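Next up, my_file.cif (mmCIF, C-alpha atoms):
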```cif
data_query
#
loop_
_atom_site.label_atom_id
_atom_site.label_comp_id
_atom_site.auth_asym_id
_atom_site.auth_seq_id
_atom_site.Cartn_x
_atom_site.Cartn_y
_atom_site.Cartn_z
CA MET A 1 0.00 0.00 0.00
CA GLU A 2 1.64 3.20 -1.21
CA ASN A 3 -0.96 5.65 -2.55
CA VAL A 4 -3.51 7.25 -0.24
CA VAL A 5 -6.30 9.60 -1.31
CA VAL A 6 -8.01 11.70 1.36
CA ILE A 7 -11.39 13.14 0.37
CA GLY A 8 -12.36 16.30 2.23
CA SER A 9 -9.84 18.96 3.26
CA GLY A 10 -11.45 20.21 6.45
CA VAL A 11 -9.78 19.94 9.84
CA MET A 12 -9.88 16.15 9.89
CA GLY A 13 -8.99 15.60 6.24
CA ARG A 14 -5.93 17.83 6.35
CA GLY A 15 -4.78 16.13 9.55
CA ILE A 16 -5.16 12.69 7.98
CA ALA A 17 -3.29 13.87 4.88
CA TYR A 18 -0.46 15.13 7.09
CA VAL A 19 0.02 11.91 9.08
CA SER A 20 -0.24 9.86 5.89
CA ALA A 21 2.47 11.87 4.14
CA ALA A 22 4.67 11.99 7.24
CA GLY A 23 4.27 8.21 7.49
CA GLY A 24 5.65 7.64 4.00
CA PHE A 25 2.55 7.40 1.80
CA GLN A 26 2.08 9.29 -1.45
CA VAL A 27 -0.99 11.40 -0.72
CA VAL A 28 -3.57 13.29 -2.77
CA LEU A 29 -5.90 15.55 -0.80
CA VAL A 30 -9.17 16.11 -2.66
CA ASP A 31 -11.83 18.78 -2.22
CA ILE A 32 -14.44 20.35 -4.48
CA ARG A 33 -13.20 23.87 -3.69
CA GLN A 34 -9.74 25.13 -4.59
CA GLU A 35 -9.79 27.79 -1.88
CA GLN A 36 -10.39 25.08 0.71
CA LEU A 37 -7.40 23.15 -0.63
CA ASP A 38 -5.25 26.28 -0.52
CA ALA A 39 -6.17 26.79 3.14
CA ALA A 40 -5.48 23.12 3.87
CA LYS A 41 -2.07 23.29 2.21
CA ALA A 42 -1.05 26.29 4.31
CA ASP A 43 -2.25 24.55 7.46
CA ILE A 44 -0.42 21.31 6.64
CA LEU A 45 2.81 23.20 5.95
CA SER A 46 2.41 24.87 9.35
CA ILE A 47 1.99 21.47 11.02
CA PHE A 48 5.16 20.22 9.30
CA GLU A 49 7.05 23.31 10.47
CA GLY A 50 5.79 22.80 14.00
CA ALA A 51 6.90 19.16 13.98
CA LYS A 52 10.36 20.22 12.82
CA LYS A 53 10.65 22.89 15.52
CA ARG A 54 9.70 20.34 18.20
CA GLY A 55 12.30 17.88 16.91
CA LYS A 56 9.70 15.38 15.72
CA LEU A 57 10.94 15.62 12.12
CA SER A 58 14.31 16.49 10.63
CA ASP A 59 14.62 18.99 7.77
CA SER A 60 14.97 16.09 5.35
CA GLU A 61 11.95 14.23 6.72
CA MET A 62 9.85 17.38 6.59
CA ASN A 63 10.81 18.14 2.99
CA LYS A 64 10.19 14.55 1.89
CA GLY A 65 6.80 14.57 3.62
CA ILE A 66 5.77 17.81 1.92
CA ALA A 67 6.92 16.44 -1.44
CA ARG A 68 4.67 13.38 -1.02
CA LEU A 69 1.57 15.59 -0.89
CA SER A 70 -0.47 16.85 -3.82
CA TYR A 71 -3.86 18.54 -4.01
CA SER A 72 -6.73 18.07 -6.48
CA THR A 73 -10.32 19.06 -7.20
CA ASP A 74 -10.68 16.12 -9.63
CA LEU A 75 -11.89 13.19 -7.52
CA GLU A 76 -12.26 10.70 -10.37
CA LYS A 77 -8.70 11.27 -11.59
CA ALA A 78 -7.21 11.26 -8.10
CA VAL A 79 -8.61 7.84 -7.14
CA LYS A 80 -7.59 5.98 -10.30
CA THR A 81 -4.27 4.81 -8.81
CA ALA A 82 -5.27 4.75 -5.12
CA ASP A 83 -4.49 1.84 -2.81
CA LEU A 84 -6.46 3.35 0.09
CA ILE A 85 -9.12 6.06 0.02
CA ILE A 86 -10.04 7.76 3.29
CA GLU A 87 -13.26 9.78 3.22
CA ALA A 88 -13.36 12.73 5.63
CA VAL A 89 -16.43 14.69 4.53
CA PRO A 90 -19.18 15.96 6.89
CA GLU A 91 -21.23 13.43 8.86
CA VAL A 92 -24.16 13.54 6.45
CA LEU A 93 -25.14 10.17 5.04
CA SER A 94 -26.28 11.50 1.64
CA ILE A 95 -22.87 13.13 1.09
CA LYS A 96 -21.03 9.96 2.06
CA LYS A 97 -23.29 7.89 -0.19
CA ASP A 98 -22.46 10.06 -3.19
CA ILE A 99 -18.72 9.88 -2.45
CA PHE A 100 -18.63 6.10 -2.05
CA GLU A 101 -20.71 5.45 -5.15
CA ARG A 102 -18.34 7.64 -7.16
CA ILE A 103 -15.09 6.19 -5.85
CA ASP A 104 -16.44 2.66 -6.32
CA ARG A 105 -16.84 3.40 -10.03
CA HIS A 106 -13.38 4.90 -10.52
CA ALA A 107 -10.97 3.32 -8.00
CA PRO A 108 -8.93 0.20 -8.81
CA GLU A 109 -10.48 -3.15 -7.95
CA GLY A 110 -7.98 -3.79 -5.16
CA CYS A 111 -8.42 -0.40 -3.47
CA PHE A 112 -9.58 -0.26 0.15
CA PHE A 113 -12.15 2.30 1.31
CA ALA A 114 -12.22 3.86 4.78
CA THR A 115 -14.68 6.33 6.27
CA ASN A 116 -13.51 8.68 9.00
CA THR A 117 -16.74 8.62 10.95
CA SER A 118 -17.30 8.81 14.68
CA THR A 119 -20.78 7.28 14.69
CA MET A 120 -22.03 6.15 11.27
CA SER A 121 -22.33 2.57 10.12
CA PRO A 122 -19.48 1.19 7.97
CA THR A 123 -21.88 -1.63 7.04
CA GLU A 124 -24.35 0.84 5.56
CA ILE A 125 -21.58 2.83 3.89
CA GLY A 126 -20.14 -0.39 2.46
CA SER A 127 -23.53 -1.15 0.93
CA PHE A 128 -23.09 1.88 -1.33
CA THR A 129 -20.27 0.00 -3.09
CA ASN A 130 -19.74 -3.29 -4.89
CA ARG A 131 -16.89 -4.15 -2.51
CA PRO A 132 -18.32 -4.07 1.04
CA GLU A 133 -15.62 -6.49 2.18
CA LYS A 134 -13.05 -3.74 1.50
CA VAL A 135 -14.90 -1.00 3.43
CA ILE A 136 -14.08 -0.11 7.03
CA ALA A 137 -14.16 2.87 9.40
CA MET A 138 -10.97 4.65 10.49
CA HIS A 139 -11.99 6.98 13.31
CA PHE A 140 -9.21 9.53 13.73
CA PHE A 141 -9.28 12.06 16.57
CA ASN A 142 -8.84 15.82 16.52
CA PRO A 143 -6.15 17.13 16.29
CA VAL A 144 -5.03 14.21 14.13
CA HIS A 145 -1.30 15.02 14.30
CA LYS A 146 -1.36 14.93 18.12
CA MET A 147 -3.90 12.26 19.01
CA LYS A 148 -2.40 8.76 19.01
CA LEU A 149 -5.46 6.56 18.54
CA VAL A 150 -7.23 5.36 15.43
CA GLU A 151 -10.38 3.41 16.22
CA ILE A 152 -10.78 0.86 13.41
CA VAL A 153 -14.35 -0.36 13.08
CA ARG A 154 -15.33 -3.43 11.09
CA GLY A 155 -18.66 -3.55 9.30
CA LEU A 156 -20.69 -6.74 8.89
CA GLU A 157 -19.03 -7.58 5.55
CA THR A 158 -15.51 -6.27 6.30
CA SER A 159 -12.93 -8.99 5.63
CA ASP A 160 -10.11 -10.01 7.96
CA ASP A 161 -7.64 -8.98 5.26
CA THR A 162 -9.10 -5.47 5.11
CA ALA A 163 -8.99 -5.04 8.88
CA GLU A 164 -5.35 -6.16 8.99
CA LYS A 165 -4.27 -4.00 6.04
CA ILE A 166 -5.89 -0.93 7.60
CA ARG A 167 -4.33 -1.65 10.99
CA VAL A 168 -0.88 -1.81 9.38
CA ALA A 169 -1.54 1.41 7.42
CA ALA A 170 -2.63 3.26 10.57
CA GLU A 171 0.49 2.11 12.42
CA LYS A 172 2.63 3.33 9.54
CA MET A 173 0.99 6.72 10.12
CA GLY A 174 2.36 6.58 13.66
CA LYS A 175 -0.91 5.63 15.33
CA GLU A 176 -1.95 3.19 18.02
CA THR A 177 -5.00 1.16 17.01
CA VAL A 178 -7.97 -0.70 18.41
CA VAL A 179 -10.07 -2.90 16.14
CA VAL A 180 -13.71 -3.17 17.19
CA ASN A 181 -16.96 -4.39 15.70
CA GLU A 182 -19.62 -2.00 14.54
CA PHE A 183 -22.28 -0.78 16.93
CA PRO A 184 -23.69 2.77 16.97
CA GLY A 185 -21.10 5.15 18.38
CA PHE A 186 -18.40 2.46 18.53
CA VAL A 187 -16.46 2.79 21.83
CA THR A 188 -15.06 6.30 22.10
CA SER A 189 -17.96 8.31 20.66
CA ARG A 190 -20.50 6.68 22.97
CA ILE A 191 -18.52 7.54 26.08
CA SER A 192 -17.47 11.00 24.89
CA ALA A 193 -21.01 11.91 23.85
CA LEU A 194 -22.38 10.91 27.24
CA VAL A 195 -19.78 12.92 29.14
CA GLY A 196 -20.12 15.99 26.92
CA ASN A 197 -23.91 15.91 27.03
CA GLU A 198 -24.00 15.45 30.81
CA ALA A 199 -21.70 18.46 31.16
CA PHE A 200 -24.30 20.57 29.30
CA TYR A 201 -27.03 19.30 31.64
CA LEU A 202 -24.84 20.30 34.61
CA LEU A 203 -24.37 23.76 33.13
CA GLN A 204 -28.07 24.04 32.32
CA GLU A 205 -28.96 23.11 35.91
CA GLY A 206 -26.57 25.69 37.37
CA VAL A 207 -24.35 23.13 39.09
CA GLY A 208 -21.20 25.01 38.11
CA THR A 209 -19.57 27.30 35.58
CA PRO A 210 -17.96 25.85 32.44
CA GLU A 211 -14.52 26.53 33.95
CA GLU A 212 -15.43 24.73 37.19
CA ILE A 213 -16.94 21.73 35.41
CA ASP A 214 -13.98 21.40 33.05
CA LYS A 215 -11.49 21.69 35.92
CA ALA A 216 -13.35 19.07 37.94
CA ILE A 217 -13.25 16.57 35.07
CA ARG A 218 -9.61 17.30 34.17
CA LEU A 219 -8.25 17.01 37.69
CA GLY A 220 -10.77 14.68 39.28
CA LEU A 221 -11.01 12.13 36.47
CA ASN A 222 -7.60 12.78 34.88
CA TYR A 223 -9.01 13.75 31.48
CA PRO A 224 -6.54 15.75 29.35
CA MET A 225 -9.31 18.21 28.42
CA GLY A 226 -12.58 19.17 30.04
CA PRO A 227 -15.81 18.28 28.20
CA PHE A 228 -16.51 21.89 27.19
CA GLU A 229 -12.94 22.42 25.97
CA LEU A 230 -13.23 19.24 23.91
CA GLY A 231 -16.68 20.12 22.61
CA ASP A 232 -15.49 23.53 21.45
CA LEU A 233 -12.52 21.89 19.73
CA VAL A 234 -14.57 19.21 17.96
CA GLY A 235 -17.44 21.59 17.18
CA LEU A 236 -20.70 21.77 19.09
CA ASP A 237 -22.65 21.17 15.87
CA THR A 238 -20.69 17.95 15.35
CA ARG A 239 -21.34 16.94 18.96
CA LEU A 240 -25.06 17.65 18.53
CA ASN A 241 -25.28 15.66 15.28
CA ASN A 242 -23.58 12.70 16.96
CA LEU A 243 -25.96 12.86 19.91
CA LYS A 244 -29.01 13.01 17.63
CA TYR A 245 -27.80 9.91 15.80
CA LEU A 246 -27.07 8.04 19.04
CA HIS A 247 -30.40 9.13 20.52
CA GLU A 248 -32.17 7.71 17.47
CA LYS A 249 -30.24 4.44 17.59
CA LEU A 250 -29.67 3.85 21.31
CA GLY A 251 -32.42 5.68 23.15
CA GLU A 252 -33.14 8.28 25.82
CA LYS A 253 -29.78 8.42 27.58
CA TYR A 254 -28.37 10.19 24.50
CA ARG A 255 -31.11 12.83 24.19
CA PRO A 256 -29.24 16.13 23.53
CA ALA A 257 -29.33 18.70 26.31
CA PRO A 258 -31.61 21.62 25.33
CA LEU A 259 -28.81 24.08 26.16
CA LEU A 260 -26.51 22.41 23.64
CA GLU A 261 -29.20 22.76 20.99
CA GLN A 262 -29.56 26.45 21.89
CA TYR A 263 -25.84 27.07 21.50
CA VAL A 264 -25.84 25.51 18.04
CA LYS A 265 -28.93 27.48 16.98
CA ALA A 266 -27.16 30.65 18.10
CA GLY A 267 -24.15 29.81 15.93
CA ARG A 268 -21.93 29.20 18.96
CA LEU A 269 -20.17 26.20 17.43
CA GLY A 270 -16.80 26.39 19.19
CA ARG A 271 -13.35 27.39 18.08
CA LYS A 272 -14.21 27.33 14.37
CA SER A 273 -16.88 30.04 14.81
CA GLY A 274 -14.95 32.06 17.38
CA ARG A 275 -17.36 31.28 20.18
CA GLY A 276 -18.84 28.15 21.74
CA VAL A 277 -19.01 27.54 25.45
CA TYR A 278 -15.94 29.79 25.60
CA ASP A 279 -15.17 32.96 23.64
CA TYR A 280 -12.17 32.62 21.30
CA SER A 281 -12.42 35.98 19.54
CA ASN A 282 -9.53 37.46 21.52
CA ARG A 283 -7.57 34.26 22.16
CA THR A 284 -4.30 33.38 20.50
CA GLU A 285 -4.39 29.79 19.22
CA SER A 286 -1.54 27.59 20.42
#
```
For the file at hand, write its structure as structure tokens.
Amino acid sequence: MENVVVIGSGVMGRGIAYVSAAGGFQVVLVDIRQEQLDAAKADILSIFEGAKKRGKLSDSEMNKGIARLSYSTDLEKAVKTADLIIEAVPEVLSIKKDIFERIDRHAPEGCFFATNTSTMSPTEIGSFTNRPEKVIAMHFFNPVHKMKLVEIVRGLETSDDTAEKIRVAAEKMGKETVVVNEFPGFVTSRISALVGNEAFYLLQEGVGTPEEIDKAIRLGLNYPMGPFELGDLVGLDTRLNNLKYLHEKLGEKYRPAPLLEQYVKAGRLGRKSGRGVYDYSNRTES
């Protein structure tokens, strides 16, 4: 496996493209908008520079990694020589369906397909193709270049060979892996969604301020980030969409807190909008 195509150049897609290139793969990052690709390229170069400054990469390794990356708005052309395609588009099933139907028509017969989803069914996504045995979920975590885990999720039809090939590819990207079987929310999203949603109920009930709740979880439960800090990083709209899906599939314990829904309706989506639970308009990003 040498050639990786990443579809979607948002925060997750550009992170996946970075770790793939740094891990030695030839990478094409695909998006429908050139301006989005231009922004992704600048961000990826910044991540490479940061890795060099921290001593994670030498000058030579950084330059080789950058050289392995290319950018394209032509999906059909990009996937023609792919060994692995990783989809990182928004968590909207109709969008994913269109992507997987298209790549199934144009990718080589031996190509593996992965969806970077935190909740959606790789079995259902595999059904959009004629190769469900080669479809799997690779759940990366944000920020991709810092978070060590990739949660690999097998669908009903996913073959043992596919699961093993994807595990090896993820480890080449410098990641630790767990391989689990599909169930709504997998492992990490189910737990994270519960914690994040309960934090909003605590805030809604006046139990504590966001700062107090985050500090209690960080120091009392040894979490690296508080639930509001994490929600603002991931995006409160993304958190809400995940909760709605889990509520539909798994029942009442995942019903979104009304306050979370209010924040999203108000456009308070987190870091990406400048304001979520916390205000980022005057903060300097680290």
Check your understanding: Could you write out as a ChimeraX atom specification the residues that the PyMOL selection byres ((chain A and resi 145) around 7) matches in the shown file?
Key -> /A:15,19,143-144,146-147
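This file gives the following result for the PyMOL selection byres ((chain A and resi 136) around 9): Phe112, Phe113, Ala114, Thr115, Pro122, Thr123, Ile125, Gly126, Pro132, Glu133, Lys134, Val135, Ala137, Met138, Ile152, Val153, Arg154, Gly155, Thr158, Thr162, Ala163 and Ile166 of chain A.
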Exercise for review: Go ahead and compute the interatomic distance for atom CA of A:Gly270 and atom CA of A:Glu182, in Å to one decimal.
Suggested key: 28.9 Å
Could you tell me which residues the PyMOL selection byres ((chain A and resi 128) around 7) returns for this structure, as a PDB file with C-alpha atoms, in the frame of the given file?
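Final output, out08.pdb:
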```pdb
ATOM      1  CA  LYS A  97     -23.290   7.890  -0.190  1.00  0.00           C
ATOM      2  CA  PHE A 100     -18.630   6.100  -2.050  1.00  0.00           C
ATOM      3  CA  GLU A 101     -20.710   5.450  -5.150  1.00  0.00           C
ATOM      4  CA  ILE A 125     -21.580   2.830   3.890  1.00  0.00           C
ATOM      5  CA  GLY A 126     -20.140  -0.390   2.460  1.00  0.00           C
ATOM      6  CA  SER A 127     -23.530  -1.150   0.930  1.00  0.00           C
ATOM      7  CA  THR A 129     -20.270   0.000  -3.090  1.00  0.00           C
TER       8      THR A 129
END
```
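Remark: for A:Thr188, the closest of the candidate residues A:Glu212, A:Lys175, A:Ser281, A:Val150 is A:Val150 (distances computed over only C-alpha atoms).
Note that the spacing between atom CA of A:Val28 and atom CA of A:Tyr71 amounts to 5.4 Å.
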Check your understanding: Which polymer residues have any atom within 12 Å of an atom of stretch 35-46 of chain A, counting only C-alpha atoms, with same-chain residues fewer than 5 positions away left out, as a ChimeraX atom specification?
Key -> /A:6-22,28-30,51-53,62-63,65-67,69-74,143-145
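With distances restricted to only C-alpha atoms, A:Ala199 is the closest residue to A:Gly226 from A:Ala107, A:Ala88, A:Leu246, A:Ala199.
Comparing A:Asp98, A:Glu87, A:Glu164, A:Asp104 by their smallest distance to A:Thr117, the closest is A:Glu87 (using all atoms listed in the file).
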Exercise for review: Using atom CA of A:Ile213 and atom CA of A:Val195 as the two end points, give the distance in Å to one decimal.
Suggested key: 11.2 Å
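Distances here use only C-alpha atoms; by that measure, the residue among A:Gly24, A:Thr81, A:Ser58, A:Ala170 closest to A:Val5 is A:Thr81.
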Exercise for review: Determine, counting all atoms listed in the file, which protein, DNA and RNA residues have an atom within 12 Å of an atom of stretch 249-256 of chain A; residues of the same chain fewer than 2 positions away are not included. Present the result as a PyMOL selection string.
Suggested key: chain A and resi 119-121+183-186+189-201+204+236-247+258-264
Exercise for review: Tell me which protein, DNA and RNA residues are within 8 Å of A:Glu76, counting all atoms listed in the file, leaving out same-chain ones fewer than 2 positions away, and put them as a count of residues only.
Suggested key: 8
Once N, CA and C atoms are restored for stretch 167-187 of chain A, what would the output be as a PDB file, keeping the file's coordinate frame?
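In the end it all went to result.pdb:
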```pdb
ATOM      1  N   ARG A 167      -5.090  -1.750   9.738  1.00  0.00           N
ATOM      2  CA  ARG A 167      -4.330  -1.650  10.990  1.00  0.00           C
ATOM      3  C   ARG A 167      -2.864  -1.342  10.705  1.00  0.00           C
ATOM      4  N   VAL A 168      -2.284  -2.043   9.747  1.00  0.00           N
ATOM      5  CA  VAL A 168      -0.880  -1.810   9.380  1.00  0.00           C
ATOM      6  C   VAL A 168      -0.699  -0.401   8.824  1.00  0.00           C
ATOM      7  N   ALA A 169      -1.634   0.054   7.984  1.00  0.00           N
ATOM      8  CA  ALA A 169      -1.540   1.410   7.420  1.00  0.00           C
ATOM      9  C   ALA A 169      -1.597   2.461   8.514  1.00  0.00           C
ATOM     10  N   ALA A 170      -2.508   2.296   9.474  1.00  0.00           N
ATOM     11  CA  ALA A 170      -2.630   3.260  10.570  1.00  0.00           C
ATOM     12  C   ALA A 170      -1.354   3.300  11.405  1.00  0.00           C
ATOM     13  N   GLU A 171      -0.757   2.146  11.645  1.00  0.00           N
ATOM     14  CA  GLU A 171       0.490   2.110  12.420  1.00  0.00           C
ATOM     15  C   GLU A 171       1.634   2.761  11.660  1.00  0.00           C
ATOM     16  N   LYS A 172       1.619   2.632  10.346  1.00  0.00           N
ATOM     17  CA  LYS A 172       2.630   3.330   9.540  1.00  0.00           C
ATOM     18  C   LYS A 172       2.468   4.846   9.650  1.00  0.00           C
ATOM     19  N   MET A 173       1.252   5.295   9.907  1.00  0.00           N
ATOM     20  CA  MET A 173       0.990   6.720  10.120  1.00  0.00           C
ATOM     21  C   MET A 173       1.371   7.168  11.530  1.00  0.00           C
ATOM     22  N   GLY A 174       1.912   6.242  12.312  1.00  0.00           N
ATOM     23  CA  GLY A 174       2.360   6.580  13.660  1.00  0.00           C
ATOM     24  C   GLY A 174       1.288   6.452  14.722  1.00  0.00           C
ATOM     25  N   LYS A 175       0.220   5.709  14.419  1.00  0.00           N
ATOM     26  CA  LYS A 175      -0.910   5.630  15.330  1.00  0.00           C
ATOM     27  C   LYS A 175      -0.960   4.310  16.090  1.00  0.00           C
ATOM     28  N   GLU A 176      -1.521   4.383  17.299  1.00  0.00           N
ATOM     29  CA  GLU A 176      -1.950   3.190  18.020  1.00  0.00           C
ATOM     30  C   GLU A 176      -3.351   2.853  17.505  1.00  0.00           C
ATOM     31  N   THR A 177      -3.705   1.570  17.560  1.00  0.00           N
ATOM     32  CA  THR A 177      -5.000   1.160  17.010  1.00  0.00           C
ATOM     33  C   THR A 177      -5.769   0.265  17.979  1.00  0.00           C
ATOM     34  N   VAL A 178      -7.082   0.338  17.881  1.00  0.00           N
ATOM     35  CA  VAL A 178      -7.970  -0.700  18.410  1.00  0.00           C
ATOM     36  C   VAL A 178      -8.879  -1.101  17.263  1.00  0.00           C
ATOM     37  N   VAL A 179      -9.166  -2.392  17.173  1.00  0.00           N
ATOM     38  CA  VAL A 179     -10.070  -2.900  16.140  1.00  0.00           C
ATOM     39  C   VAL A 179     -11.315  -3.425  16.833  1.00  0.00           C
ATOM     40  N   VAL A 180     -12.460  -2.813  16.526  1.00  0.00           N
ATOM     41  CA  VAL A 180     -13.710  -3.170  17.190  1.00  0.00           C
ATOM     42  C   VAL A 180     -14.782  -3.462  16.135  1.00  0.00           C
ATOM     43  N   ASN A 181     -15.844  -4.099  16.589  1.00  0.00           N
ATOM     44  CA  ASN A 181     -16.960  -4.390  15.700  1.00  0.00           C
ATOM     45  C   ASN A 181     -17.980  -3.265  15.755  1.00  0.00           C
ATOM     46  N   GLU A 182     -18.678  -3.101  14.658  1.00  0.00           N
ATOM     47  CA  GLU A 182     -19.620  -2.000  14.540  1.00  0.00           C
ATOM     48  C   GLU A 182     -20.782  -2.115  15.529  1.00  0.00           C
ATOM     49  N   PHE A 183     -21.059  -1.004  16.171  1.00  0.00           N
ATOM     50  CA  PHE A 183     -22.280  -0.780  16.930  1.00  0.00           C
ATOM     51  C   PHE A 183     -22.390   0.729  17.034  1.00  0.00           C
ATOM     52  N   PRO A 184     -23.589   1.303  17.024  1.00  0.00           N
ATOM     53  CA  PRO A 184     -23.690   2.770  16.970  1.00  0.00           C
ATOM     54  C   PRO A 184     -22.820   3.472  17.997  1.00  0.00           C
ATOM     55  N   GLY A 185     -21.979   4.390  17.511  1.00  0.00           N
ATOM     56  CA  GLY A 185     -21.100   5.150  18.380  1.00  0.00           C
ATOM     57  C   GLY A 185     -19.782   4.477  18.708  1.00  0.00           C
ATOM     58  N   PHE A 186     -19.640   3.197  18.290  1.00  0.00           N
ATOM     59  CA  PHE A 186     -18.400   2.460  18.530  1.00  0.00           C
ATOM     60  C   PHE A 186     -18.078   2.471  20.032  1.00  0.00           C
ATOM     61  N   VAL A 187     -16.830   2.717  20.414  1.00  0.00           N
ATOM     62  CA  VAL A 187     -16.460   2.790  21.830  1.00  0.00           C
ATOM     63  C   VAL A 187     -16.331   4.250  22.266  1.00  0.00           C
TER      64      VAL A 187
END
```
